[in-house]
file target35.txt (compact mmCIF, N, CA and C atoms)
# COMPACT_ATOMS: atom_id res chain seq x y z
N MET K 1 -4.09 1.48 16.69
CA MET K 1 -3.80 2.50 15.69
C MET K 1 -5.12 3.05 15.18
N ASN K 2 -5.19 4.36 15.08
CA ASN K 2 -6.40 4.97 14.52
C ASN K 2 -6.20 5.20 13.02
N ILE K 3 -7.27 5.61 12.34
CA ILE K 3 -7.22 5.74 10.88
C ILE K 3 -6.22 6.80 10.43
N LYS K 4 -6.09 7.87 11.20
CA LYS K 4 -5.13 8.92 10.84
C LYS K 4 -3.70 8.36 10.87
N LYS K 5 -3.39 7.56 11.89
CA LYS K 5 -2.06 6.95 11.96
C LYS K 5 -1.86 5.94 10.84
N TRP K 6 -2.92 5.20 10.47
CA TRP K 6 -2.83 4.26 9.36
C TRP K 6 -2.45 5.00 8.07
N PHE K 7 -3.12 6.12 7.79
CA PHE K 7 -2.81 6.90 6.59
C PHE K 7 -1.38 7.45 6.64
N ILE K 8 -0.92 7.87 7.80
CA ILE K 8 0.46 8.34 7.93
C ILE K 8 1.43 7.20 7.63
N GLU K 9 1.13 6.01 8.13
CA GLU K 9 1.98 4.86 7.85
C GLU K 9 2.01 4.56 6.35
N LEU K 10 0.86 4.67 5.68
CA LEU K 10 0.81 4.46 4.23
C LEU K 10 1.66 5.49 3.51
N GLN K 11 1.55 6.76 3.93
CA GLN K 11 2.35 7.82 3.31
C GLN K 11 3.84 7.57 3.53
N ASP K 12 4.21 7.14 4.74
CA ASP K 12 5.61 6.87 5.04
C ASP K 12 6.17 5.70 4.25
N LEU K 13 5.32 4.71 3.96
CA LEU K 13 5.76 3.54 3.21
C LEU K 13 6.02 3.87 1.75
N GLY K 14 5.15 4.67 1.15
CA GLY K 14 5.27 4.98 -0.28
C GLY K 14 4.58 3.93 -1.12
N CYS K 15 4.63 4.12 -2.41
CA CYS K 15 3.94 3.24 -3.37
C CYS K 15 4.44 1.81 -3.21
N ILE K 16 3.52 0.90 -2.92
CA ILE K 16 3.90 -0.50 -2.72
C ILE K 16 4.38 -1.15 -4.01
N VAL K 17 3.84 -0.74 -5.15
CA VAL K 17 4.28 -1.30 -6.43
C VAL K 17 5.70 -0.84 -6.76
N CYS K 18 5.97 0.44 -6.58
CA CYS K 18 7.33 0.95 -6.81
C CYS K 18 8.33 0.26 -5.89
N LEU K 19 7.93 0.09 -4.63
CA LEU K 19 8.78 -0.59 -3.67
C LEU K 19 9.07 -2.03 -4.12
N ASN K 20 8.03 -2.74 -4.52
CA ASN K 20 8.20 -4.13 -4.99
C ASN K 20 9.05 -4.22 -6.24
N ASP K 21 8.97 -3.21 -7.10
CA ASP K 21 9.75 -3.20 -8.33
C ASP K 21 11.17 -2.69 -8.15
N GLY K 22 11.53 -2.35 -6.90
CA GLY K 22 12.89 -1.92 -6.62
C GLY K 22 13.17 -0.46 -6.93
N HIS K 23 12.13 0.35 -7.07
CA HIS K 23 12.31 1.76 -7.39
C HIS K 23 12.41 2.65 -6.15
N GLY K 24 12.29 2.06 -4.98
CA GLY K 24 12.39 2.85 -3.76
C GLY K 24 11.13 3.62 -3.46
N TYR K 25 11.27 4.67 -2.67
CA TYR K 25 10.13 5.45 -2.20
C TYR K 25 9.56 6.33 -3.30
N SER K 26 8.24 6.27 -3.45
CA SER K 26 7.49 7.19 -4.32
C SER K 26 6.31 7.71 -3.51
N PRO K 27 6.15 9.04 -3.42
CA PRO K 27 5.02 9.58 -2.65
C PRO K 27 3.69 9.03 -3.17
N PRO K 28 2.86 8.50 -2.26
CA PRO K 28 1.65 7.82 -2.72
C PRO K 28 0.37 8.63 -2.58
N ASP K 29 -0.59 8.24 -3.41
CA ASP K 29 -2.00 8.50 -3.17
C ASP K 29 -2.48 7.34 -2.29
N ILE K 30 -3.61 7.51 -1.66
CA ILE K 30 -4.21 6.42 -0.89
C ILE K 30 -5.32 5.81 -1.75
N HIS K 31 -5.14 4.55 -2.11
CA HIS K 31 -6.13 3.85 -2.93
C HIS K 31 -7.03 3.01 -2.05
N HIS K 32 -8.33 3.23 -2.16
CA HIS K 32 -9.32 2.43 -1.44
C HIS K 32 -9.65 1.19 -2.25
N ILE K 33 -9.54 0.04 -1.62
CA ILE K 33 -9.88 -1.21 -2.29
C ILE K 33 -11.39 -1.27 -2.46
N HIS K 34 -11.80 -1.75 -3.63
CA HIS K 34 -13.22 -1.84 -3.96
C HIS K 34 -13.68 -3.28 -3.94
N LYS K 35 -14.94 -3.47 -3.66
CA LYS K 35 -15.57 -4.78 -3.83
C LYS K 35 -16.90 -4.57 -4.51
N ASN K 36 -17.36 -5.59 -5.18
CA ASN K 36 -18.65 -5.52 -5.88
C ASN K 36 -18.73 -4.30 -6.78
N GLY K 37 -17.76 -4.15 -7.63
CA GLY K 37 -17.76 -3.03 -8.56
C GLY K 37 -17.06 -1.82 -8.00
N ASN K 38 -17.79 -0.74 -7.80
CA ASN K 38 -17.18 0.52 -7.38
C ASN K 38 -17.41 0.87 -5.92
N ARG K 39 -17.80 -0.09 -5.09
CA ARG K 39 -18.04 0.20 -3.66
C ARG K 39 -16.74 0.06 -2.88
N ARG K 40 -16.33 1.11 -2.21
CA ARG K 40 -15.16 1.06 -1.34
C ARG K 40 -15.47 0.16 -0.16
N VAL K 41 -14.46 -0.59 0.29
CA VAL K 41 -14.67 -1.41 1.48
C VAL K 41 -14.79 -0.49 2.68
N ASP K 42 -13.75 0.26 2.99
CA ASP K 42 -13.74 1.27 4.05
C ASP K 42 -12.37 1.94 4.02
N ASP K 43 -12.13 2.88 4.93
CA ASP K 43 -10.86 3.60 4.95
C ASP K 43 -9.69 2.75 5.41
N TRP K 44 -9.95 1.66 6.10
CA TRP K 44 -8.86 0.79 6.57
C TRP K 44 -8.30 -0.06 5.45
N HIS K 45 -9.12 -0.43 4.50
CA HIS K 45 -8.69 -1.30 3.41
C HIS K 45 -8.17 -0.44 2.25
N THR K 46 -6.96 0.04 2.46
CA THR K 46 -6.33 0.98 1.54
C THR K 46 -4.88 0.57 1.33
N ILE K 47 -4.36 0.94 0.16
CA ILE K 47 -2.96 0.69 -0.15
C ILE K 47 -2.35 1.96 -0.73
N PRO K 48 -1.04 2.15 -0.53
CA PRO K 48 -0.39 3.33 -1.09
C PRO K 48 0.08 3.07 -2.52
N LEU K 49 -0.39 3.90 -3.43
CA LEU K 49 0.02 3.82 -4.84
C LEU K 49 0.40 5.22 -5.32
N CYS K 50 1.53 5.31 -6.01
CA CYS K 50 1.92 6.60 -6.58
C CYS K 50 0.91 7.00 -7.66
N PRO K 51 0.88 8.26 -8.07
CA PRO K 51 -0.10 8.68 -9.08
C PRO K 51 -0.04 7.86 -10.37
N LEU K 52 1.15 7.44 -10.81
CA LEU K 52 1.22 6.63 -12.03
C LEU K 52 0.52 5.29 -11.85
N HIS K 53 0.78 4.62 -10.75
CA HIS K 53 0.17 3.32 -10.51
C HIS K 53 -1.28 3.42 -10.04
N HIS K 54 -1.69 4.60 -9.61
CA HIS K 54 -3.05 4.76 -9.09
C HIS K 54 -4.02 5.26 -10.15
N ARG K 55 -3.76 6.44 -10.73
CA ARG K 55 -4.81 7.12 -11.49
C ARG K 55 -4.37 7.76 -12.78
N ASP K 56 -3.13 7.52 -13.22
CA ASP K 56 -2.63 8.15 -14.44
C ASP K 56 -3.35 7.66 -15.69
N GLY K 57 -3.83 6.44 -15.63
CA GLY K 57 -4.57 5.89 -16.77
C GLY K 57 -3.70 5.16 -17.78
N GLY K 58 -2.40 5.03 -17.47
CA GLY K 58 -1.49 4.38 -18.40
C GLY K 58 -1.56 2.87 -18.35
N ASN K 59 -1.29 2.26 -19.49
CA ASN K 59 -1.18 0.81 -19.59
C ASN K 59 -0.18 0.54 -20.71
N ASN K 60 1.10 0.42 -20.32
CA ASN K 60 2.16 0.26 -21.31
C ASN K 60 3.24 -0.65 -20.76
N ASP K 61 4.36 -0.76 -21.46
CA ASP K 61 5.45 -1.65 -21.02
C ASP K 61 6.08 -1.20 -19.71
N GLN K 62 5.98 0.09 -19.39
CA GLN K 62 6.65 0.61 -18.20
C GLN K 62 5.80 0.53 -16.93
N TYR K 63 4.50 0.74 -17.04
CA TYR K 63 3.63 0.69 -15.86
C TYR K 63 2.17 0.54 -16.29
N VAL K 64 1.37 0.13 -15.31
CA VAL K 64 -0.09 0.05 -15.48
C VAL K 64 -0.73 0.77 -14.31
N SER K 65 -1.69 1.62 -14.60
CA SER K 65 -2.45 2.30 -13.55
C SER K 65 -3.62 1.43 -13.10
N ARG K 66 -3.89 1.50 -11.81
CA ARG K 66 -5.03 0.74 -11.27
C ARG K 66 -6.33 1.23 -11.89
N HIS K 67 -6.47 2.55 -12.05
CA HIS K 67 -7.66 3.12 -12.69
C HIS K 67 -7.30 3.52 -14.11
N PRO K 68 -7.89 3.01 -15.11
CA PRO K 68 -9.04 2.12 -15.14
C PRO K 68 -8.68 0.66 -15.43
N TRP K 69 -7.45 0.26 -15.26
CA TRP K 69 -6.96 -1.04 -15.73
C TRP K 69 -6.82 -2.08 -14.62
N LYS K 70 -7.84 -2.29 -13.82
CA LYS K 70 -7.73 -3.19 -12.66
C LYS K 70 -7.24 -4.58 -13.05
N ARG K 71 -7.81 -5.19 -14.05
CA ARG K 71 -7.44 -6.56 -14.42
C ARG K 71 -5.96 -6.63 -14.82
N GLU K 72 -5.52 -5.71 -15.67
CA GLU K 72 -4.12 -5.70 -16.09
C GLU K 72 -3.19 -5.36 -14.92
N PHE K 73 -3.61 -4.40 -14.08
CA PHE K 73 -2.84 -4.02 -12.90
C PHE K 73 -2.60 -5.24 -12.02
N GLU K 74 -3.67 -5.99 -11.73
CA GLU K 74 -3.53 -7.16 -10.86
C GLU K 74 -2.76 -8.28 -11.52
N SER K 75 -2.86 -8.40 -12.82
CA SER K 75 -2.09 -9.41 -13.54
C SER K 75 -0.59 -9.13 -13.44
N ARG K 76 -0.24 -7.86 -13.52
CA ARG K 76 1.17 -7.47 -13.49
C ARG K 76 1.75 -7.39 -12.08
N TYR K 77 0.96 -6.88 -11.13
CA TYR K 77 1.51 -6.55 -9.81
C TYR K 77 0.95 -7.38 -8.65
N ARG K 78 0.02 -8.25 -8.87
CA ARG K 78 -0.70 -9.04 -7.85
C ARG K 78 -2.02 -8.35 -7.52
N SER K 79 -2.89 -9.07 -6.86
CA SER K 79 -4.21 -8.52 -6.56
C SER K 79 -4.11 -7.41 -5.51
N GLU K 80 -5.11 -6.54 -5.52
CA GLU K 80 -5.16 -5.49 -4.50
C GLU K 80 -5.15 -6.09 -3.10
N TRP K 81 -5.83 -7.21 -2.91
CA TRP K 81 -5.89 -7.85 -1.59
C TRP K 81 -4.52 -8.41 -1.20
N ASP K 82 -3.79 -8.97 -2.15
CA ASP K 82 -2.42 -9.44 -1.85
C ASP K 82 -1.52 -8.27 -1.47
N LEU K 83 -1.63 -7.17 -2.21
CA LEU K 83 -0.84 -5.98 -1.90
C LEU K 83 -1.24 -5.41 -0.54
N TYR K 84 -2.52 -5.44 -0.25
CA TYR K 84 -3.01 -4.96 1.06
C TYR K 84 -2.40 -5.79 2.19
N ARG K 85 -2.41 -7.12 2.03
CA ARG K 85 -1.83 -7.98 3.07
C ARG K 85 -0.34 -7.71 3.23
N GLN K 86 0.36 -7.48 2.12
CA GLN K 86 1.78 -7.15 2.19
C GLN K 86 2.00 -5.83 2.93
N VAL K 87 1.20 -4.83 2.60
CA VAL K 87 1.30 -3.52 3.27
C VAL K 87 1.04 -3.68 4.77
N GLN K 88 0.01 -4.43 5.12
CA GLN K 88 -0.29 -4.68 6.53
C GLN K 88 0.91 -5.28 7.26
N GLU K 89 1.53 -6.29 6.65
CA GLU K 89 2.67 -6.96 7.28
C GLU K 89 3.84 -6.00 7.48
N ILE K 90 4.12 -5.20 6.47
CA ILE K 90 5.23 -4.24 6.57
C ILE K 90 4.96 -3.22 7.67
N ILE K 91 3.76 -2.67 7.67
CA ILE K 91 3.43 -1.64 8.67
C ILE K 91 3.42 -2.24 10.07
N GLU K 92 2.85 -3.42 10.24
CA GLU K 92 2.85 -4.05 11.56
C GLU K 92 4.28 -4.28 12.04
N SER K 93 5.15 -4.69 11.15
CA SER K 93 6.55 -4.91 11.51
C SER K 93 7.22 -3.60 11.92
N ARG K 94 6.96 -2.54 11.18
CA ARG K 94 7.54 -1.23 11.51
C ARG K 94 7.04 -0.72 12.85
N VAL K 95 5.74 -0.87 13.09
CA VAL K 95 5.15 -0.40 14.34
C VAL K 95 5.73 -1.21 15.51
N ASP K 96 5.85 -2.52 15.32
CA ASP K 96 6.43 -3.37 16.37
C ASP K 96 7.86 -2.96 16.69
N GLN K 97 8.63 -2.62 15.67
CA GLN K 97 10.03 -2.22 15.89
C GLN K 97 10.13 -0.90 16.64
N ARG K 98 9.14 -0.03 16.48
CA ARG K 98 9.16 1.27 17.15
C ARG K 98 8.56 1.22 18.55
N ALA K 99 7.87 0.12 18.86
CA ALA K 99 7.21 0.02 20.17
C ALA K 99 8.27 -0.02 21.28
N PRO K 100 7.99 0.64 22.39
CA PRO K 100 8.95 0.59 23.51
C PRO K 100 9.11 -0.83 24.01
N ARG K 101 10.33 -1.17 24.31
CA ARG K 101 10.64 -2.51 24.81
C ARG K 101 10.86 -2.43 26.32
N PRO K 102 10.46 -3.46 27.03
CA PRO K 102 10.74 -3.47 28.45
C PRO K 102 12.24 -3.54 28.69
N ALA K 103 12.66 -2.94 29.77
CA ALA K 103 14.08 -2.93 30.11
C ALA K 103 14.54 -4.35 30.41
N GLU K 104 15.76 -4.65 29.99
CA GLU K 104 16.35 -5.95 30.31
C GLU K 104 16.66 -6.01 31.79
N PRO K 105 16.38 -7.15 32.42
CA PRO K 105 16.72 -7.26 33.84
C PRO K 105 18.23 -7.22 34.05
N GLU K 106 18.62 -6.58 35.10
CA GLU K 106 20.06 -6.51 35.41
C GLU K 106 20.49 -7.80 36.07
N ASN K 107 21.71 -8.22 35.78
CA ASN K 107 22.25 -9.44 36.38
C ASN K 107 22.90 -9.17 37.71

call {"tool": "encode", "arguments": {"input": "target35.txt", "output": "structure tokens"}}
result
Amino acid sequence: MNIKKWFIELQDLGCIVCLNDGHGYSPPDIHHIHKNGNRRVDDWHTIPLCPLHHRDGGNNDQYVSRHPWKREFESRYRSEWDLYRQVQEIIESRVDQRAPRPAEPEN
């Protein structure tokens, strides 16, 4: 899979937090996971977050935005790395299901 296909898969999945909370599909922004402060890891280490969960800036009873509330976001929804691993598993499963299967041998 190339990076363009990865981003398409993220868009097709929707916000992982909304999905986990049972809200269904929400069109996502692509959030780059950071390490050592504000350094992005790379384009592959990304998760889909809707604008509210990504950059709205809210921190209330209904939702927490990743920016600027990373600690609270991770406390409520799990770490970015845990969410990334979950997204990877879902996408790998979807891609595997769409892969062509060899024909069954005839009896």

call {"tool": "residues_around", "arguments": {"input": "target35.txt", "residues": "segment 46-55 of chain K", "least_positions_apart": "4", "cutoff": "5 Å", "atoms": "only N, CA and C atoms", "output": "ChimeraX atom specification"}}
result
/K:14-16,27-33,64-67

call {"tool": "residues_near_point", "arguments": {"input": "target35.txt", "point": "(-15.6, -3.6, -6.8)", "cutoff": "12 Å", "atoms": "only C-alpha atoms", "output": "VMD selection string"}}
result
chain K and resid 32 to 41 67 70 to 71 80 to 81

call {"tool": "write_last_selection", "arguments": {"input": "target35.txt", "atoms": "N, CA and C atoms", "output": "PDB file, in the frame of the given file"}}
result
ATOM      1  N   HIS K  32      -8.330   3.230  -2.160  1.00  0.00           N
ATOM      2  CA  HIS K  32      -9.320   2.430  -1.440  1.00  0.00           C
ATOM      3  C   HIS K  32      -9.650   1.190  -2.250  1.00  0.00           C
ATOM      4  N   ILE K  33      -9.540   0.040  -1.620  1.00  0.00           N
ATOM      5  CA  ILE K  33      -9.880  -1.210  -2.290  1.00  0.00           C
ATOM      6  C   ILE K  33     -11.390  -1.270  -2.460  1.00  0.00           C
ATOM      7  N   HIS K  34     -11.800  -1.750  -3.630  1.00  0.00           N
ATOM      8  CA  HIS K  34     -13.220  -1.840  -3.960  1.00  0.00           C
ATOM      9  C   HIS K  34     -13.680  -3.280  -3.940  1.00  0.00           C
ATOM     10  N   LYS K  35     -14.940  -3.470  -3.660  1.00  0.00           N
ATOM     11  CA  LYS K  35     -15.570  -4.780  -3.830  1.00  0.00           C
ATOM     12  C   LYS K  35     -16.900  -4.570  -4.510  1.00  0.00           C
ATOM     13  N   ASN K  36     -17.360  -5.590  -5.180  1.00  0.00           N
ATOM     14  CA  ASN K  36     -18.650  -5.520  -5.880  1.00  0.00           C
ATOM     15  C   ASN K  36     -18.730  -4.300  -6.780  1.00  0.00           C
ATOM     16  N   GLY K  37     -17.760  -4.150  -7.630  1.00  0.00           N
ATOM     17  CA  GLY K  37     -17.760  -3.030  -8.560  1.00  0.00           C
ATOM     18  C   GLY K  37     -17.060  -1.820  -8.000  1.00  0.00           C
ATOM     19  N   ASN K  38     -17.790  -0.740  -7.800  1.00  0.00           N
ATOM     20  CA  ASN K  38     -17.180   0.520  -7.380  1.00  0.00           C
ATOM     21  C   ASN K  38     -17.410   0.870  -5.920  1.00  0.00           C
ATOM     22  N   ARG K  39     -17.800  -0.090  -5.090  1.00  0.00           N
ATOM     23  CA  ARG K  39     -18.040   0.200  -3.660  1.00  0.00           C
ATOM     24  C   ARG K  39     -16.740   0.060  -2.880  1.00  0.00           C
ATOM     25  N   ARG K  40     -16.330   1.110  -2.210  1.00  0.00           N
ATOM     26  CA  ARG K  40     -15.160   1.060  -1.340  1.00  0.00           C
ATOM     27  C   ARG K  40     -15.470   0.160  -0.160  1.00  0.00           C
ATOM     28  N   VAL K  41     -14.460  -0.590   0.290  1.00  0.00           N
ATOM     29  CA  VAL K  41     -14.670  -1.410   1.480  1.00  0.00           C
ATOM     30  C   VAL K  41     -14.790  -0.490   2.680  1.00  0.00           C
ATOM     31  N   HIS K  67      -6.470   2.550 -12.050  1.00  0.00           N
ATOM     32  CA  HIS K  67      -7.660   3.120 -12.690  1.00  0.00           C
ATOM     33  C   HIS K  67      -7.300   3.520 -14.110  1.00  0.00           C
ATOM     34  N   LYS K  70      -7.840  -2.290 -13.820  1.00  0.00           N
ATOM     35  CA  LYS K  70      -7.730  -3.190 -12.660  1.00  0.00           C
ATOM     36  C   LYS K  70      -7.240  -4.580 -13.050  1.00  0.00           C
ATOM     37  N   ARG K  71      -7.810  -5.190 -14.050  1.00  0.00           N
ATOM     38  CA  ARG K  71      -7.440  -6.560 -14.420  1.00  0.00           C
ATOM     39  C   ARG K  71      -5.960  -6.630 -14.820  1.00  0.00           C
ATOM     40  N   GLU K  80      -5.110  -6.540  -5.520  1.00  0.00           N
ATOM     41  CA  GLU K  80      -5.160  -5.490  -4.500  1.00  0.00           C
ATOM     42  C   GLU K  80      -5.150  -6.090  -3.100  1.00  0.00           C
ATOM     43  N   TRP K  81      -5.830  -7.210  -2.910  1.00  0.00           N
ATOM     44  CA  TRP K  81      -5.890  -7.850  -1.590  1.00  0.00           C
ATOM     45  C   TRP K  81      -4.520  -8.410  -1.200  1.00  0.00           C
TER      46      TRP K  81
END

call {"tool": "select_by_dssp", "arguments": {"input": "target35.txt", "residues": "chain K", "states": "strand (DSSP E)", "output": "PyMOL selection string"}}
result
chain K and resi 29-32+34-35+39-40+46-49

call {"tool": "closest_residue", "arguments": {"input": "target35.txt", "among": "K:Gly58, K:Lys5, K:Gln97, K:Glu89", "to": "Phe73 of chain K", "atoms": "only C-alpha atoms"}}
result
K:Gly58

call {"tool": "atom_distance", "arguments": {"input": "target35.txt", "atom1": "atom CA of Arg98 of chain K", "atom2": "atom CA of Asn20 of chain K"}}
result
22.8 Å

call {"tool": "select_by_dssp", "arguments": {"input": "target35.txt", "residues": "chain K", "states": "alpha helix (DSSP H)", "output": "PyMOL selection string"}}
result
chain K and resi 3-13+16-20+51-54+70-77+80-98

call {"tool": "atom_distance", "arguments": {"input": "target35.txt", "atom1": "atom C of Arg78 of chain K", "atom2": "atom C of Glu9 of chain K"}}
result
19.4 Å

call {"tool": "atom_distance", "arguments": {"input": "target35.txt", "atom1": "atom N of Asp43 of chain K", "atom2": "atom C of Glu92 of chain K"}}
result
19.3 Å

call {"tool": "closest_residue", "arguments": {"input": "target35.txt", "among": "K:Trp44, K:Arg94, K:Tyr77, K:Pro68", "to": "Val17 of chain K", "atoms": "only N, CA and C atoms"}}
result
K:Tyr77

call {"tool": "axis_aligned_box", "arguments": {"input": "target35.txt", "around": "segment 33-40 of chain K", "padding_each_side": "3 Å", "output": "AutoDock Vina command-line options"}}
result
--center_x -14.1 --center_y -2.2 --center_z -4.4 --size_x 15.2 --size_y 12.7 --size_z 14.4
